[in-house]
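Content type mmCIF, N, CA and C atoms, from the file model20.cif:
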data_model
loop_
_atom_site.label_atom_id
_atom_site.label_comp_id
_atom_site.auth_asym_id
_atom_site.auth_seq_id
_atom_site.Cartn_x
_atom_site.Cartn_y
_atom_site.Cartn_z
N MET H 131 27.51 55.77 124.93
CA MET H 131 26.13 56.12 125.17
C MET H 131 25.43 56.41 123.84
N ARG H 132 24.19 55.96 123.76
CA ARG H 132 23.36 56.29 122.61
C ARG H 132 22.67 57.62 122.85
N ALA H 133 22.04 58.11 121.81
CA ALA H 133 21.26 59.34 121.96
C ALA H 133 20.17 59.11 123.00
N GLY H 134 19.89 60.09 123.79
CA GLY H 134 18.85 59.98 124.80
C GLY H 134 19.35 59.38 126.10
N GLY H 135 20.67 59.17 126.22
CA GLY H 135 21.24 58.67 127.45
C GLY H 135 21.10 57.18 127.67
N ILE H 136 20.65 56.42 126.66
CA ILE H 136 20.53 54.97 126.81
C ILE H 136 21.87 54.33 126.47
N ARG H 137 22.35 53.51 127.35
CA ARG H 137 23.66 52.89 127.18
C ARG H 137 23.58 51.76 126.15
N ALA H 138 24.47 51.80 125.16
CA ALA H 138 24.54 50.73 124.16
C ALA H 138 25.19 49.51 124.81
N GLU H 139 24.61 48.37 124.57
CA GLU H 139 25.15 47.14 125.15
C GLU H 139 25.68 46.25 124.05
N GLY H 140 26.73 45.55 124.34
CA GLY H 140 27.31 44.63 123.37
C GLY H 140 28.04 43.53 124.10
N PRO H 141 28.70 42.64 123.37
CA PRO H 141 29.40 41.51 123.99
C PRO H 141 30.41 41.94 125.04
N GLU H 142 31.01 43.13 124.83
CA GLU H 142 32.01 43.60 125.79
C GLU H 142 31.39 43.96 127.14
N ASP H 143 30.06 44.04 127.20
CA ASP H 143 29.37 44.35 128.45
C ASP H 143 29.12 43.11 129.28
N GLY H 144 29.62 41.98 128.85
CA GLY H 144 29.52 40.77 129.66
C GLY H 144 28.22 40.00 129.51
N HIS H 145 27.51 40.18 128.41
CA HIS H 145 26.29 39.41 128.20
C HIS H 145 26.64 37.93 128.13
N ARG H 146 25.82 37.15 128.76
CA ARG H 146 26.02 35.71 128.71
C ARG H 146 25.18 35.13 127.58
N VAL H 147 25.73 34.16 126.94
CA VAL H 147 25.02 33.50 125.85
C VAL H 147 23.98 32.57 126.45
N ASN H 148 22.79 32.64 125.92
CA ASN H 148 21.71 31.77 126.36
C ASN H 148 21.95 30.41 125.72
N ARG H 149 22.30 29.42 126.50
CA ARG H 149 22.65 28.09 125.96
C ARG H 149 21.49 27.44 125.24
N ALA H 150 20.28 27.65 125.69
CA ALA H 150 19.12 27.06 125.02
C ALA H 150 18.98 27.64 123.61
N THR H 151 19.21 28.94 123.47
CA THR H 151 19.14 29.57 122.15
C THR H 151 20.23 29.03 121.24
N VAL H 152 21.43 28.91 121.76
CA VAL H 152 22.54 28.37 120.98
C VAL H 152 22.21 26.94 120.53
N GLU H 153 21.63 26.15 121.39
CA GLU H 153 21.28 24.77 121.04
C GLU H 153 20.20 24.75 119.96
N ARG H 154 19.21 25.64 120.06
CA ARG H 154 18.17 25.70 119.02
C ARG H 154 18.77 26.08 117.67
N VAL H 155 19.69 27.02 117.68
CA VAL H 155 20.35 27.44 116.43
C VAL H 155 21.17 26.27 115.88
N ARG H 156 21.88 25.56 116.73
CA ARG H 156 22.69 24.42 116.28
C ARG H 156 21.80 23.36 115.64
N ILE H 157 20.67 23.07 116.26
CA ILE H 157 19.74 22.07 115.72
C ILE H 157 19.18 22.53 114.38
N ALA H 158 18.82 23.81 114.28
CA ALA H 158 18.27 24.34 113.03
C ALA H 158 19.29 24.26 111.90
N VAL H 159 20.53 24.61 112.19
CA VAL H 159 21.59 24.54 111.17
C VAL H 159 21.83 23.10 110.76
N ALA H 160 21.86 22.19 111.71
CA ALA H 160 22.05 20.77 111.39
C ALA H 160 20.91 20.27 110.51
N PHE H 161 19.68 20.68 110.79
CA PHE H 161 18.52 20.29 109.99
C PHE H 161 18.66 20.81 108.55
N ILE H 162 19.06 22.06 108.40
CA ILE H 162 19.23 22.66 107.07
C ILE H 162 20.31 21.93 106.29
N VAL H 163 21.43 21.66 106.93
CA VAL H 163 22.54 20.96 106.26
C VAL H 163 22.11 19.56 105.83
N GLU H 164 21.42 18.83 106.70
CA GLU H 164 20.95 17.48 106.38
C GLU H 164 19.92 17.52 105.25
N SER H 165 19.02 18.49 105.26
CA SER H 165 18.02 18.62 104.20
C SER H 165 18.70 18.88 102.86
N GLU H 166 19.70 19.72 102.86
CA GLU H 166 20.43 20.02 101.62
C GLU H 166 21.17 18.78 101.12
N ARG H 167 21.75 18.02 102.03
CA ARG H 167 22.45 16.79 101.65
C ARG H 167 21.48 15.81 101.00
N ARG H 168 20.31 15.66 101.60
CA ARG H 168 19.30 14.75 101.02
C ARG H 168 18.82 15.23 99.66
N ARG H 169 18.62 16.54 99.54
CA ARG H 169 18.18 17.09 98.26
C ARG H 169 19.20 16.83 97.16
N ARG H 170 20.47 17.06 97.47
CA ARG H 170 21.52 16.81 96.47
C ARG H 170 21.63 15.34 96.11
N ARG H 171 21.47 14.47 97.09
CA ARG H 171 21.52 13.04 96.82
C ARG H 171 20.36 12.62 95.92
N ALA H 172 19.17 13.10 96.24
CA ALA H 172 18.00 12.77 95.41
C ALA H 172 18.17 13.30 94.00
N GLU H 173 18.67 14.52 93.87
CA GLU H 173 18.90 15.08 92.54
C GLU H 173 19.93 14.25 91.78
N GLY H 174 20.98 13.84 92.46
CA GLY H 174 22.00 13.01 91.82
C GLY H 174 21.44 11.69 91.34
N LEU H 175 20.58 11.08 92.15
CA LEU H 175 19.95 9.82 91.73
C LEU H 175 19.06 10.03 90.52
N MET H 176 18.30 11.11 90.51
CA MET H 176 17.43 11.38 89.36
C MET H 176 18.25 11.49 88.08
N HIS H 177 19.37 12.18 88.17
CA HIS H 177 20.21 12.34 86.99
C HIS H 177 20.90 11.03 86.60
N SER H 178 21.40 10.29 87.57
CA SER H 178 22.11 9.04 87.25
C SER H 178 21.16 7.97 86.71
N TRP H 179 19.90 8.05 87.11
CA TRP H 179 18.91 7.09 86.60
C TRP H 179 18.24 7.61 85.34
N HIS H 180 18.61 8.79 84.90
CA HIS H 180 18.06 9.40 83.69
C HIS H 180 16.54 9.48 83.71
N LEU H 181 16.01 9.95 84.83
CA LEU H 181 14.56 10.08 84.96
C LEU H 181 14.07 11.33 84.23
N SER H 182 13.04 11.15 83.42
CA SER H 182 12.38 12.29 82.80
C SER H 182 11.39 12.84 83.82
N ARG H 183 10.79 13.95 83.49
CA ARG H 183 9.79 14.50 84.40
C ARG H 183 8.61 13.54 84.53
N ALA H 184 8.20 12.92 83.44
CA ALA H 184 7.10 11.95 83.50
C ALA H 184 7.46 10.78 84.41
N ASP H 185 8.72 10.30 84.31
CA ASP H 185 9.17 9.21 85.18
C ASP H 185 9.12 9.63 86.64
N LEU H 186 9.58 10.84 86.88
CA LEU H 186 9.62 11.35 88.25
C LEU H 186 8.20 11.53 88.80
N ASP H 187 7.29 12.03 87.98
CA ASP H 187 5.90 12.18 88.41
C ASP H 187 5.27 10.82 88.70
N GLU H 188 5.58 9.83 87.87
CA GLU H 188 5.05 8.48 88.09
C GLU H 188 5.58 7.90 89.41
N ALA H 189 6.86 8.11 89.67
CA ALA H 189 7.45 7.63 90.92
C ALA H 189 6.80 8.33 92.12
N ALA H 190 6.56 9.63 91.99
CA ALA H 190 5.92 10.38 93.07
C ALA H 190 4.52 9.83 93.34
N ARG H 191 3.75 9.56 92.29
CA ARG H 191 2.41 9.00 92.47
C ARG H 191 2.49 7.64 93.16
N ALA H 192 3.46 6.81 92.75
CA ALA H 192 3.61 5.48 93.35
C ALA H 192 3.95 5.59 94.83
N LEU H 193 4.66 6.63 95.21
CA LEU H 193 5.03 6.84 96.62
C LEU H 193 3.97 7.60 97.40
N GLY H 194 2.92 8.03 96.70
CA GLY H 194 1.86 8.77 97.37
C GLY H 194 2.22 10.20 97.69
N THR H 195 3.14 10.77 96.93
CA THR H 195 3.52 12.17 97.13
C THR H 195 3.10 12.97 95.91
N PRO H 196 2.97 14.27 96.07
CA PRO H 196 2.59 15.09 94.92
C PRO H 196 3.70 15.12 93.87
N PRO H 197 3.34 15.27 92.60
CA PRO H 197 4.36 15.37 91.57
C PRO H 197 5.17 16.65 91.75
N VAL H 198 6.35 16.69 91.14
CA VAL H 198 7.20 17.87 91.27
C VAL H 198 6.52 19.06 90.60
N SER H 199 6.73 20.21 91.18
CA SER H 199 6.18 21.45 90.62
C SER H 199 7.08 21.92 89.48
N ASP H 200 6.59 22.86 88.71
CA ASP H 200 7.42 23.45 87.65
C ASP H 200 8.69 24.06 88.24
N GLU H 201 8.55 24.71 89.38
CA GLU H 201 9.70 25.34 90.04
C GLU H 201 10.73 24.29 90.45
N GLU H 202 10.27 23.17 91.02
CA GLU H 202 11.19 22.10 91.41
C GLU H 202 11.86 21.49 90.19
N TRP H 203 11.09 21.26 89.14
CA TRP H 203 11.67 20.67 87.93
C TRP H 203 12.71 21.61 87.32
N ASN H 204 12.42 22.91 87.28
CA ASN H 204 13.39 23.87 86.75
C ASN H 204 14.65 23.91 87.60
N ALA H 205 14.51 23.74 88.91
CA ALA H 205 15.68 23.70 89.79
C ALA H 205 16.53 22.47 89.48
N ILE H 206 15.88 21.35 89.17
CA ILE H 206 16.62 20.14 88.80
C ILE H 206 17.38 20.39 87.50
N LEU H 207 16.70 20.98 86.53
CA LEU H 207 17.34 21.28 85.25
C LEU H 207 18.50 22.25 85.42
N ASP H 208 18.31 23.26 86.24
CA ASP H 208 19.36 24.26 86.46
C ASP H 208 20.60 23.64 87.08
N GLY H 209 20.41 22.60 87.87
CA GLY H 209 21.54 21.98 88.54
C GLY H 209 22.46 21.22 87.61
N ARG H 210 21.95 20.75 86.49
CA ARG H 210 22.75 19.92 85.59
C ARG H 210 22.59 20.29 84.12
N GLY H 211 21.99 21.43 83.83
CA GLY H 211 21.77 21.79 82.43
C GLY H 211 20.55 21.08 81.87
N HIS H 212 20.41 21.08 80.57
CA HIS H 212 19.23 20.48 79.96
C HIS H 212 19.20 18.98 80.20
N TYR H 213 18.03 18.51 80.40
CA TYR H 213 17.82 17.11 80.75
C TYR H 213 16.58 16.62 80.03
N PRO H 214 16.54 15.36 79.62
CA PRO H 214 15.38 14.87 78.85
C PRO H 214 14.05 15.06 79.55
#

Structure re-expressed in structure tokens:
Amino acid sequence: MRAGGIRAEGPEDGHRVNRATVERVRIAVAFIVESERRRRRAEGLMHSWHLSRADLDEAARALGTPPVSDEEWNAILDGRGHYP
């Protein structure tokens, strides 16, 4: 019992898992894992192709996407050390 006479509930009290919630969590985790896989692949390609920031910005413009931010570029550098 908790203070005030309210009974504490936990898994031992027989709560059933809401399957819809579990499915939403599974989908969210799968999305996060896939996003991370894509990010690492893209970063690996940038490094293997020896793209400079200017090259990457030019590619982004050609694809119609915004250029990388300073934060994104620093994250790329942090992943592999100094880069041209």

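Taking CA of Val198 (chain H) and atom C of Leu186 (chain H) as endpoints, the distance between them is 6.9 Å.
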
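Of note, CA of His180 (chain H) and CA of Asp208 (chain H) are spaced 15.2 Å apart.
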
Determine, for each residue of region 162-197 of chain H having at least one atom at most 9 Å from an atom of region 202-207 of chain H, the closest pair of atoms and their separation in Å to one decimal, counting only C-alpha atoms; order by chain and ascending number, as a tab-separated table.
residue	atom	partner	partner_atom	distance
H:Glu173	CA	H:Ile206	CA	6.7
H:Met176	CA	H:Ile206	CA	8.8
H:His177	CA	H:Ile206	CA	8.8
H:Arg183	CA	H:Trp203	CA	7.4

Checklist line | Separation of atom C of Ala192 (chain H) from atom N of Leu175 (chain H) in Å | finding: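 These atoms are spaced 17.7 Å apart.
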